[in-house]
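So this block is protein35.cif, mmCIF, C-alpha atoms:
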```cif
data_structure
loop_
_atom_site.group_PDB
_atom_site.id
_atom_site.type_symbol
_atom_site.label_atom_id
_atom_site.label_comp_id
_atom_site.auth_asym_id
_atom_site.auth_seq_id
_atom_site.Cartn_x
_atom_site.Cartn_y
_atom_site.Cartn_z
ATOM 1 C CA MET P 1 56.746 132.620 128.990
ATOM 2 C CA GLY P 2 58.665 129.335 128.941
ATOM 3 C CA SER P 3 58.080 128.762 125.228
ATOM 4 C CA GLN P 4 59.153 132.320 124.385
ATOM 5 C CA PHE P 5 62.339 131.906 126.426
ATOM 6 C CA CYS P 6 63.040 128.660 124.581
ATOM 7 C CA PHE P 7 62.531 130.380 121.225
ATOM 8 C CA TYR P 8 65.070 133.099 122.012
ATOM 9 C CA LEU P 9 67.516 130.553 123.412
ATOM 10 C CA VAL P 10 67.255 128.505 120.221
ATOM 11 C CA ALA P 11 67.910 131.620 118.136
ATOM 12 C CA ILE P 12 71.062 132.446 120.068
ATOM 13 C CA ILE P 13 72.368 128.878 119.927
ATOM 14 C CA MET P 14 71.688 128.522 116.198
ATOM 15 C CA LEU P 15 73.510 131.740 115.317
ATOM 16 C CA SER P 16 76.675 130.243 116.756
ATOM 17 C CA LEU P 17 76.082 126.844 115.125
ATOM 18 C CA VAL P 18 75.428 128.318 111.691
ATOM 19 C CA ALA P 19 78.612 130.368 111.773
ATOM 20 C CA ASP P 20 80.711 127.210 111.640
ATOM 21 C CA HIS P 21 78.732 125.269 109.012
ATOM 22 C CA ILE P 22 77.041 127.679 106.607
ATOM 23 C CA THR P 23 77.579 127.229 102.890
ATOM 24 C CA ILE P 24 77.212 129.689 100.042
ATOM 25 C CA SER P 25 73.726 128.377 99.264
ATOM 26 C CA GLY P 26 72.519 129.225 102.770
ATOM 27 C CA SER P 27 72.037 125.579 103.715
ATOM 28 C CA LEU P 28 74.116 123.323 105.910
ATOM 29 C CA ASP P 29 75.808 120.086 104.976
ATOM 30 C CA LEU P 30 75.047 117.123 107.222
ATOM 31 C CA ASP P 31 78.152 116.184 109.168
ATOM 32 C CA PRO P 32 78.762 113.374 111.686
ATOM 33 C CA ASN P 33 80.810 115.839 113.766
ATOM 34 C CA PHE P 34 78.112 118.539 113.809
ATOM 35 C CA TYR P 35 77.762 118.552 117.619
ATOM 36 C CA ASP P 36 81.337 117.703 118.583
ATOM 37 C CA GLU P 37 82.203 121.211 119.752
ATOM 38 C CA ARG P 38 78.762 122.617 120.565
ATOM 39 C CA CYS P 39 77.593 119.682 122.668
ATOM 40 C CA PRO P 40 79.985 116.736 122.962
ATOM 41 C CA LEU P 41 77.667 115.138 125.548
ATOM 42 C CA ALA P 42 74.683 114.969 123.168
ATOM 43 C CA LEU P 43 75.307 111.605 121.513
ATOM 44 C CA PRO P 44 76.302 109.824 124.760
ATOM 45 C CA ALA P 45 73.075 111.122 126.333
ATOM 46 C CA ILE P 46 70.982 109.717 123.473
ATOM 47 C CA LYS P 47 72.782 106.383 123.635
ATOM 48 C CA ARG P 48 72.263 106.089 127.387
ATOM 49 C CA VAL P 49 68.505 106.634 127.203
ATOM 50 C CA VAL P 50 68.101 104.294 124.218
ATOM 51 C CA GLU P 51 70.071 101.529 125.914
ATOM 52 C CA GLU P 52 67.994 101.868 129.065
ATOM 53 C CA ALA P 53 64.747 101.760 127.091
ATOM 54 C CA VAL P 54 65.796 98.736 125.014
ATOM 55 C CA GLN P 55 67.058 96.887 128.085
ATOM 56 C CA GLN P 56 63.695 97.457 129.735
ATOM 57 C CA GLU P 57 61.762 96.443 126.612
ATOM 58 C CA PRO P 58 63.729 95.022 123.649
ATOM 59 C CA ARG P 59 60.788 95.697 121.299
ATOM 60 C CA MET P 60 61.401 99.425 121.815
ATOM 61 C CA GLY P 61 64.506 99.201 119.635
ATOM 62 C CA ALA P 62 62.409 98.285 116.612
ATOM 63 C CA SER P 63 59.872 100.964 117.514
ATOM 64 C CA LEU P 64 62.495 103.724 117.575
ATOM 65 C CA LEU P 65 63.996 102.490 114.315
ATOM 66 C CA ARG P 66 60.550 102.528 112.709
ATOM 67 C CA LEU P 67 59.952 106.120 113.820
ATOM 68 C CA HIS P 68 63.013 107.195 111.831
ATOM 69 C CA PHE P 69 61.810 105.287 108.733
ATOM 70 C CA HIS P 70 58.313 106.725 108.852
ATOM 71 C CA ASP P 71 59.682 110.196 109.471
ATOM 72 C CA CYS P 72 62.064 110.139 106.503
ATOM 73 C CA PHE P 73 59.449 108.843 104.045
ATOM 74 C CA VAL P 74 57.185 111.867 104.632
ATOM 75 C CA ASN P 75 58.757 115.077 103.330
ATOM 76 C CA GLY P 76 62.208 113.951 104.443
ATOM 77 C CA CYS P 77 63.901 113.366 107.789
ATOM 78 C CA ASP P 78 62.516 116.385 109.620
ATOM 79 C CA GLY P 79 60.876 115.100 112.808
ATOM 80 C CA SER P 80 57.378 115.760 111.470
ATOM 81 C CA ILE P 81 56.102 112.396 112.740
ATOM 82 C CA LEU P 82 56.595 113.604 116.313
ATOM 83 C CA LEU P 83 54.264 116.612 116.059
ATOM 84 C CA ASP P 84 50.873 116.501 117.736
ATOM 85 C CA THR P 85 47.734 117.808 116.026
ATOM 86 C CA THR P 86 47.186 121.567 115.997
ATOM 87 C CA SER P 87 44.605 123.903 114.505
ATOM 88 C CA ASN P 88 46.837 124.083 111.403
ATOM 89 C CA PHE P 89 47.425 120.390 110.692
ATOM 90 C CA THR P 90 46.502 116.859 111.740
ATOM 91 C CA SER P 91 49.327 114.807 113.209
ATOM 92 C CA GLU P 92 50.960 112.134 111.077
ATOM 93 C CA LYS P 93 50.472 109.857 114.080
ATOM 94 C CA PHE P 94 46.886 109.363 112.890
ATOM 95 C CA ALA P 95 47.804 108.323 109.344
ATOM 96 C CA LEU P 96 46.820 104.771 108.444
ATOM 97 C CA PRO P 97 50.390 103.370 108.587
ATOM 98 C CA ASN P 98 50.954 104.984 112.002
ATOM 99 C CA ASN P 99 47.679 105.048 113.920
ATOM 100 C CA ASN P 100 47.722 102.716 116.934
ATOM 101 C CA SER P 101 50.977 101.349 115.573
ATOM 102 C CA VAL P 102 53.987 103.682 115.822
ATOM 103 C CA ARG P 103 55.239 104.077 119.356
ATOM 104 C CA GLY P 104 58.218 105.244 121.366
ATOM 105 C CA PHE P 105 57.200 108.895 121.643
ATOM 106 C CA ASP P 106 57.688 108.845 125.403
ATOM 107 C CA VAL P 107 61.258 107.600 124.929
ATOM 108 C CA VAL P 108 61.923 110.414 122.443
ATOM 109 C CA ASP P 109 60.583 112.889 125.013
ATOM 110 C CA ARG P 110 62.968 111.468 127.591
ATOM 111 C CA ILE P 111 65.893 111.684 125.178
ATOM 112 C CA LYS P 112 65.052 115.286 124.352
ATOM 113 C CA TRP P 113 64.911 116.178 128.057
ATOM 114 C CA GLU P 114 68.257 114.532 128.815
ATOM 115 C CA VAL P 115 69.987 115.974 125.750
ATOM 116 C CA ASP P 116 68.801 119.510 126.437
ATOM 117 C CA ILE P 117 70.123 119.218 129.990
ATOM 118 C CA ALA P 118 73.456 117.919 128.694
ATOM 119 C CA CYS P 119 73.692 120.709 126.114
ATOM 120 C CA GLY P 120 72.426 123.529 128.290
ATOM 121 C CA GLY P 121 69.486 124.157 125.995
ATOM 122 C CA PRO P 122 67.823 123.039 122.735
ATOM 123 C CA VAL P 123 70.866 122.423 120.543
ATOM 124 C CA VAL P 124 70.003 119.011 119.052
ATOM 125 C CA SER P 125 67.029 118.733 116.710
ATOM 126 C CA CYS P 126 64.301 116.141 117.161
ATOM 127 C CA ALA P 127 65.050 114.909 113.628
ATOM 128 C CA ASP P 128 68.660 114.215 114.614
ATOM 129 C CA ILE P 129 67.474 112.523 117.801
ATOM 130 C CA LEU P 130 65.405 110.099 115.693
ATOM 131 C CA ALA P 131 68.358 109.352 113.410
ATOM 132 C CA VAL P 132 70.773 108.709 116.278
ATOM 133 C CA ALA P 133 68.224 106.739 118.322
ATOM 134 C CA ALA P 134 67.615 104.486 115.299
ATOM 135 C CA ARG P 135 71.341 103.744 115.042
ATOM 136 C CA ASP P 136 71.706 103.200 118.789
ATOM 137 C CA SER P 137 68.695 100.866 118.777
ATOM 138 C CA VAL P 138 70.247 98.686 116.069
ATOM 139 C CA VAL P 139 73.537 98.552 117.964
ATOM 140 C CA ALA P 140 71.789 97.755 121.263
ATOM 141 C CA LEU P 141 70.189 94.712 119.620
ATOM 142 C CA GLY P 142 73.439 93.394 118.175
ATOM 143 C CA GLY P 143 73.503 95.154 114.809
ATOM 144 C CA PRO P 144 76.185 97.204 113.049
ATOM 145 C CA ASN P 145 77.368 100.646 114.093
ATOM 146 C CA TRP P 146 77.820 103.690 111.858
ATOM 147 C CA GLU P 147 78.470 107.412 111.937
ATOM 148 C CA VAL P 148 75.157 109.248 111.717
ATOM 149 C CA GLN P 149 75.162 112.350 109.542
ATOM 150 C CA LEU P 150 73.934 115.246 111.701
ATOM 151 C CA GLY P 151 72.708 118.809 111.427
ATOM 152 C CA ARG P 152 69.058 118.273 110.483
ATOM 153 C CA ARG P 153 66.498 120.807 111.633
ATOM 154 C CA ASP P 154 62.880 120.255 112.579
ATOM 155 C CA SER P 155 59.816 120.901 110.463
ATOM 156 C CA THR P 156 57.137 123.356 111.535
ATOM 157 C CA THR P 157 54.302 121.346 110.015
ATOM 158 C CA ALA P 158 53.163 117.788 109.325
ATOM 159 C CA SER P 159 51.229 116.069 106.538
ATOM 160 C CA ILE P 160 48.832 113.243 107.276
ATOM 161 C CA ASP P 161 48.024 113.050 103.563
ATOM 162 C CA LYS P 162 51.654 112.463 102.612
ATOM 163 C CA ALA P 163 51.984 109.938 105.423
ATOM 164 C CA ASN P 164 49.023 108.029 104.017
ATOM 165 C CA THR P 165 50.444 107.973 100.489
ATOM 166 C CA ASP P 166 54.231 107.888 100.911
ATOM 167 C CA ILE P 167 54.889 105.320 103.651
ATOM 168 C CA PRO P 168 55.121 101.865 102.042
ATOM 169 C CA SER P 169 52.272 99.526 102.922
ATOM 170 C CA PRO P 170 52.769 95.920 104.117
ATOM 171 C CA SER P 171 50.258 94.882 101.454
ATOM 172 C CA MET P 172 52.290 96.292 98.547
ATOM 173 C CA ASP P 173 53.484 94.114 95.676
ATOM 174 C CA LEU P 174 57.131 94.233 94.631
ATOM 175 C CA GLN P 175 56.804 96.766 91.822
ATOM 176 C CA ASP P 176 54.874 99.162 94.045
ATOM 177 C CA LEU P 177 57.566 98.807 96.708
ATOM 178 C CA ILE P 178 60.301 99.533 94.168
ATOM 179 C CA THR P 179 58.389 102.604 92.970
ATOM 180 C CA SER P 180 57.788 103.840 96.523
ATOM 181 C CA PHE P 181 61.461 103.599 97.395
ATOM 182 C CA SER P 182 62.513 105.090 94.055
ATOM 183 C CA ASN P 183 60.335 108.119 94.777
ATOM 184 C CA HIS P 184 62.637 108.778 97.738
ATOM 185 C CA GLY P 185 65.885 108.237 95.847
ATOM 186 C CA LEU P 186 66.307 104.648 97.032
ATOM 187 C CA ASN P 187 66.999 101.749 94.675
ATOM 188 C CA PRO P 188 65.950 98.054 94.805
ATOM 189 C CA GLU P 189 69.076 97.164 96.780
ATOM 190 C CA ASP P 190 68.136 99.787 99.374
ATOM 191 C CA LEU P 191 64.630 98.309 99.435
ATOM 192 C CA VAL P 192 65.880 94.821 100.229
ATOM 193 C CA VAL P 193 68.537 95.811 102.736
ATOM 194 C CA LEU P 194 66.353 98.330 104.599
ATOM 195 C CA SER P 195 63.528 95.795 104.731
ATOM 196 C CA GLY P 196 66.036 93.758 106.701
ATOM 197 C CA SER P 197 65.135 96.051 109.598
ATOM 198 C CA HIS P 198 62.295 93.574 110.063
ATOM 199 C CA THR P 199 64.845 91.271 111.635
ATOM 200 C CA ILE P 200 63.738 92.963 114.862
ATOM 201 C CA GLY P 201 60.299 93.776 116.183
ATOM 202 C CA PHE P 202 56.719 92.602 115.849
ATOM 203 C CA ALA P 203 53.711 93.091 113.586
ATOM 204 C CA GLN P 204 50.028 93.321 114.429
ATOM 205 C CA CYS P 205 47.658 90.597 113.281
ATOM 206 C CA SER P 206 45.661 93.031 111.153
ATOM 207 C CA VAL P 207 48.595 93.576 108.778
ATOM 208 C CA PHE P 208 49.482 89.903 108.196
ATOM 209 C CA ARG P 209 46.107 88.151 108.504
ATOM 210 C CA ASN P 210 45.476 88.069 104.757
ATOM 211 C CA ARG P 211 48.882 86.539 104.119
ATOM 212 C CA ILE P 212 48.515 83.623 106.516
ATOM 213 C CA TYR P 213 44.955 82.774 105.478
ATOM 214 C CA ASN P 214 44.845 83.514 101.747
ATOM 215 C CA GLU P 215 48.294 83.475 100.131
ATOM 216 C CA ASN P 216 49.900 80.495 98.377
ATOM 217 C CA ASN P 217 53.602 81.457 98.323
ATOM 218 C CA ILE P 218 53.980 80.408 101.921
ATOM 219 C CA ASP P 219 55.557 77.401 103.631
ATOM 220 C CA SER P 220 52.858 74.898 104.552
ATOM 221 C CA SER P 221 53.835 74.822 108.211
ATOM 222 C CA PHE P 222 53.933 78.586 108.665
ATOM 223 C CA PRO P 223 50.250 79.643 108.599
ATOM 224 C CA GLY P 224 49.284 77.251 111.381
ATOM 225 C CA GLU P 225 51.960 78.676 113.662
ATOM 226 C CA GLU P 226 50.782 82.244 113.084
ATOM 227 C CA GLN P 227 47.038 81.524 113.054
ATOM 228 C CA ALA P 228 47.272 80.585 116.716
ATOM 229 C CA THR P 229 48.201 84.225 117.359
ATOM 230 C CA CYS P 230 46.044 85.775 114.653
ATOM 231 C CA PRO P 231 42.500 84.371 114.343
ATOM 232 C CA LEU P 232 40.441 84.869 111.212
ATOM 233 C CA THR P 233 38.321 87.423 113.059
ATOM 234 C CA GLY P 234 39.237 89.504 116.064
ATOM 235 C CA GLY P 235 42.603 89.930 117.707
ATOM 236 C CA ASP P 236 43.688 92.683 115.310
ATOM 237 C CA SER P 237 46.302 94.046 117.712
ATOM 238 C CA ASN P 238 47.778 90.659 118.624
ATOM 239 C CA LEU P 239 51.518 90.631 117.984
ATOM 240 C CA ALA P 240 53.756 88.166 116.183
ATOM 241 C CA PRO P 241 57.551 88.427 115.754
ATOM 242 C CA LEU P 242 58.725 89.502 112.307
ATOM 243 C CA ASP P 243 61.379 86.793 112.464
ATOM 244 C CA PRO P 244 62.266 84.041 114.983
ATOM 245 C CA THR P 245 64.810 86.239 116.821
ATOM 246 C CA ALA P 246 62.840 89.467 117.140
ATOM 247 C CA ALA P 247 65.159 90.928 119.797
ATOM 248 C CA LEU P 248 68.369 90.235 117.883
ATOM 249 C CA PHE P 249 69.564 92.109 114.808
ATOM 250 C CA ASP P 250 70.691 89.229 112.578
ATOM 251 C CA THR P 251 69.841 87.707 109.181
ATOM 252 C CA LYS P 252 67.098 85.292 110.233
ATOM 253 C CA TYR P 253 64.654 87.589 108.418
ATOM 254 C CA PHE P 254 66.280 86.702 105.098
ATOM 255 C CA ASP P 255 66.446 83.018 106.037
ATOM 256 C CA ASN P 256 62.689 83.147 106.516
ATOM 257 C CA LEU P 257 62.105 84.726 103.110
ATOM 258 C CA VAL P 258 64.109 81.980 101.394
ATOM 259 C CA MET P 259 61.862 79.434 103.158
ATOM 260 C CA ASN P 260 58.697 81.366 102.185
ATOM 261 C CA LYS P 261 58.090 82.268 105.821
ATOM 262 C CA GLY P 262 57.954 86.027 105.486
ATOM 263 C CA LEU P 263 55.309 87.338 107.873
ATOM 264 C CA LEU P 264 54.233 90.330 105.795
ATOM 265 C CA HIS P 265 53.102 90.221 102.179
ATOM 266 C CA SER P 266 55.563 93.017 101.365
ATOM 267 C CA ASP P 267 58.412 91.056 102.929
ATOM 268 C CA GLN P 268 57.811 87.874 100.952
ATOM 269 C CA GLN P 269 57.536 89.940 97.774
ATOM 270 C CA LEU P 270 61.289 90.466 97.991
ATOM 271 C CA PHE P 271 61.812 86.761 97.266
ATOM 272 C CA SER P 272 60.076 84.604 94.648
ATOM 273 C CA ALA P 273 58.000 87.454 93.216
ATOM 274 C CA GLY P 274 59.685 87.373 89.821
ATOM 275 C CA SER P 275 62.725 89.598 90.351
ATOM 276 C CA ASP P 276 66.127 87.986 89.916
ATOM 277 C CA GLN P 277 67.721 91.079 91.491
ATOM 278 C CA THR P 278 65.810 91.007 94.751
ATOM 279 C CA ASP P 279 65.914 87.195 94.907
ATOM 280 C CA SER P 280 69.707 87.187 94.629
ATOM 281 C CA LEU P 281 70.053 89.927 97.258
ATOM 282 C CA VAL P 282 67.878 88.032 99.731
ATOM 283 C CA GLN P 283 69.915 84.866 99.183
ATOM 284 C CA ALA P 284 73.182 86.772 99.523
ATOM 285 C CA TYR P 285 72.181 88.415 102.809
ATOM 286 C CA SER P 286 70.887 85.120 104.155
ATOM 287 C CA SER P 287 74.273 83.526 103.535
ATOM 288 C CA HIS P 288 76.573 86.480 104.247
ATOM 289 C CA PRO P 289 75.717 88.459 107.413
ATOM 290 C CA ASP P 290 78.758 90.703 106.993
ATOM 291 C CA ALA P 291 77.594 91.811 103.552
ATOM 292 C CA PHE P 292 74.179 92.632 104.959
ATOM 293 C CA ALA P 293 75.685 94.645 107.812
ATOM 294 C CA MET P 294 77.881 96.670 105.454
ATOM 295 C CA ASP P 295 75.083 97.381 102.972
ATOM 296 C CA TYR P 296 72.654 98.167 105.785
ATOM 297 C CA VAL P 297 74.932 100.893 107.110
ATOM 298 C CA ASN P 298 75.227 102.469 103.660
ATOM 299 C CA SER P 299 71.475 102.386 103.022
ATOM 300 C CA MET P 300 70.624 103.779 106.455
ATOM 301 C CA ILE P 301 72.948 106.721 105.858
ATOM 302 C CA LYS P 302 71.394 107.197 102.421
ATOM 303 C CA MET P 303 67.860 107.127 103.823
ATOM 304 C CA GLY P 304 68.835 109.533 106.598
ATOM 305 C CA ASN P 305 69.875 112.030 103.931
ATOM 306 C CA ILE P 306 66.403 112.284 102.386
ATOM 307 C CA SER P 307 65.483 115.985 102.079
ATOM 308 C CA PRO P 308 66.771 117.240 105.435
ATOM 309 C CA LEU P 309 66.030 120.765 106.575
ATOM 310 C CA THR P 310 69.324 122.580 107.178
ATOM 311 C CA GLY P 311 70.752 126.057 107.606
ATOM 312 C CA ASP P 312 67.992 128.514 108.415
ATOM 313 C CA GLN P 313 65.225 126.121 107.341
ATOM 314 C CA GLY P 314 62.814 124.849 109.976
ATOM 315 C CA GLN P 315 63.755 125.181 113.628
ATOM 316 C CA ILE P 316 65.189 123.326 116.628
ATOM 317 C CA ARG P 317 62.102 122.405 118.628
ATOM 318 C CA CYS P 318 62.061 122.878 122.380
ATOM 319 C CA ASN P 319 59.458 120.118 122.631
ATOM 320 C CA CYS P 320 59.474 117.437 119.936
ATOM 321 C CA ARG P 321 55.672 117.289 120.003
ATOM 322 C CA THR P 322 55.037 120.989 119.295
ATOM 323 C CA VAL P 323 56.280 123.771 117.044
ATOM 324 C CA ASN P 324 58.081 126.586 118.870
ATOM 325 C CA SER P 325 55.951 129.686 119.371
ATOM 326 C CA ASN P 326 57.520 133.009 118.419
#
```
Can I see the file as structure tokens?
Amino acid sequence: MGSQFCFYLVAIIMLSLVADHITISGSLDLDPNFYDERCPLALPAIKRVVEEAVQQEPRMGASLLRLHFHDCFVNGCDGSILLDTTSNFTSEKFALPNNNSVRGFDVVDRIKWEVDIACGGPVVSCADILAVAARDSVVALGGPNWEVQLGRRDSTTASIDKANTDIPSPSMDLQDLITSFSNHGLNPEDLVVLSGSHTIGFAQCSVFRNRIYNENNIDSSFPGEEQATCPLTGGDSNLAPLDPTAALFDTKYFDNLVMNKGLLHSDQQLFSAGSDQTDSLVQAYSSHPDAFAMDYVNSMIKMGNISPLTGDQGQIRCNCRTVNSN
């Protein structure tokens, strides 16, 4: 009964939303002011929950940011990563890049609850929640602010196969990374600047073990520091910071790459892997934090625009983990 009531409530709310934003094509343009009239309390509610979560555990900021990345790289920014397994599909949470790795779903649930209370019902999509929470996480950890484009709708399905193939791997070489990003309309500059998200957060031993034991393009002092955390066997889930200031959004990540101290193989590929373009970008961001901040904002907005569902596509989920029943 509750899910049916939610479905009808969503339908009523969306009829009024669509009236203000519909285009001739039947789709909606993303707009930073999408919720200004319908629910002016939505964005403050998201910010409040994110700030509380990051204050309690700074690592959560990187986790929420990563959810947005991994969502957008699989059929666009549509909240599909949040869906649990059903009889119709297997959740993307179990894809190789996500399984026992992506986290923050409980925080998203809390945001959804608070936002729906603030809005008097399911007005804000789970996809938009991910986009705004990513921005608020960056800001909470000292990074730049930006206007998030809004008006995405939520998918009604998920694809574990696409998650396995489309999310970039930490073991990728530079050309494969460039191709992966290009497949989503992102260029090498976007690749470098968005990889700068690794200025916050941690990585599990299993994804950087090969680098610290077997690779040569690495500062001689660096493997010993990391091997204490990541033994040759065992300890797969042990965590190491992606840069020395893992709870501060800065440019130490790029400083590390210049010194051949990138923790992940894919990170170090951005510098000294044979590309003058990516090498020069890494050096520029290492030396000019303001340039990084400005380019990061532009690339995050660009990534957030990957194949959104708008207009009458998809739905506004009542529960971010499940598709609305009708």
Running the PyMOL selection byres ((chain P and resi 141) around 9) on this model by hand, what would come out? Give it as a VMD selection string.
chain P and resid 54 58 61 136 to 140 142 to 143 200 247 to 250
Can you measure CA of Ala134 (chain P) to CA of Gln277 (chain P) for me? One decimal in Å is fine.
27.3 Å
Could you check how far CA of Arg152 (chain P) sits from CA of Ser169 (chain P), in Å to one decimal?
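Between CA of Arg152 (chain P) and CA of Ser169 (chain P) the gap works out to 26.3 Å.
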The PyMOL selection byres ((chain P and resi 304) around 9) - which residues does that actually catch in the file I just gave you? List them as a list of chain:residue names.
P:His68, P:Phe69, P:Cys72, P:Gly76, P:Cys77, P:Ala131, P:Val148, P:Gln149, P:Ser299, P:Met300, P:Ile301, P:Lys302, P:Met303, P:Asn305, P:Ile306, P:Ser307, P:Pro308
With distances taken over all atoms listed in the file, which residue among P:Lys162, P:Arg321, P:Arg211, P:Lys252 lies nearest Phe73 (chain P)?
P:Lys162
Could you add all heavy atoms to region 38-45 of chain P and give me the result as a tab-separated table (two decimals), in the coordinates of the input?
```
chain	number	residue	atom	x	y	z
P	38	ARG	N	79.89	121.93	119.93
P	38	ARG	CA	78.76	122.62	120.56
P	38	ARG	C	78.16	121.83	121.72
P	38	ARG	O	77.69	122.42	122.69
P	38	ARG	CB	77.67	122.93	119.52
P	38	ARG	CG	78.15	123.80	118.39
P	38	ARG	CD	78.63	125.14	118.89
P	38	ARG	NE	79.23	125.93	117.82
P	38	ARG	CZ	79.76	127.13	117.99
P	38	ARG	NH1	79.77	127.66	119.19
P	38	ARG	NH2	80.28	127.78	116.97
P	39	CYS	N	78.14	120.50	121.57
P	39	CYS	CA	77.59	119.68	122.67
P	39	CYS	C	78.15	118.27	122.57
P	39	CYS	O	77.47	117.36	122.08
P	39	CYS	CB	76.07	119.66	122.64
P	39	CYS	SG	75.37	118.81	124.08
P	40	PRO	N	79.37	118.06	123.04
P	40	PRO	CA	79.98	116.74	122.96
P	40	PRO	C	79.27	115.68	123.79
P	40	PRO	O	79.49	114.48	123.58
P	40	PRO	CB	81.41	116.98	123.49
P	40	PRO	CG	81.33	118.24	124.28
P	40	PRO	CD	80.27	119.07	123.63
P	41	LEU	N	78.39	116.10	124.71
P	41	LEU	CA	77.67	115.14	125.55
P	41	LEU	C	76.34	114.69	124.93
P	41	LEU	O	75.65	113.84	125.49
P	41	LEU	CB	77.39	115.75	126.92
P	41	LEU	CG	78.62	116.11	127.76
P	41	LEU	CD1	78.19	116.76	129.08
P	41	LEU	CD2	79.48	114.88	128.03
P	42	ALA	N	75.99	115.25	123.76
P	42	ALA	CA	74.68	114.97	123.17
P	42	ALA	C	74.53	113.50	122.79
P	42	ALA	O	73.57	112.83	123.20
P	42	ALA	CB	74.47	115.86	121.95
P	43	LEU	N	75.46	112.98	121.99
P	43	LEU	CA	75.31	111.60	121.51
P	43	LEU	C	75.40	110.58	122.64
P	43	LEU	O	74.63	109.62	122.66
P	43	LEU	CB	76.33	111.31	120.42
P	43	LEU	CG	76.25	112.18	119.15
P	43	LEU	CD1	77.09	111.57	118.03
P	43	LEU	CD2	74.81	112.38	118.69
P	44	PRO	N	76.31	110.75	123.61
P	44	PRO	CA	76.30	109.82	124.76
P	44	PRO	C	74.99	109.85	125.54
P	44	PRO	O	74.54	108.81	126.04
P	44	PRO	CB	77.47	110.32	125.62
P	44	PRO	CG	78.40	110.97	124.66
P	44	PRO	CD	77.51	111.63	123.65
P	45	ALA	N	74.36	111.03	125.62
P	45	ALA	CA	73.08	111.12	126.33
P	45	ALA	C	72.00	110.34	125.60
P	45	ALA	O	71.19	109.63	126.21
P	45	ALA	CB	72.66	112.59	126.49
```
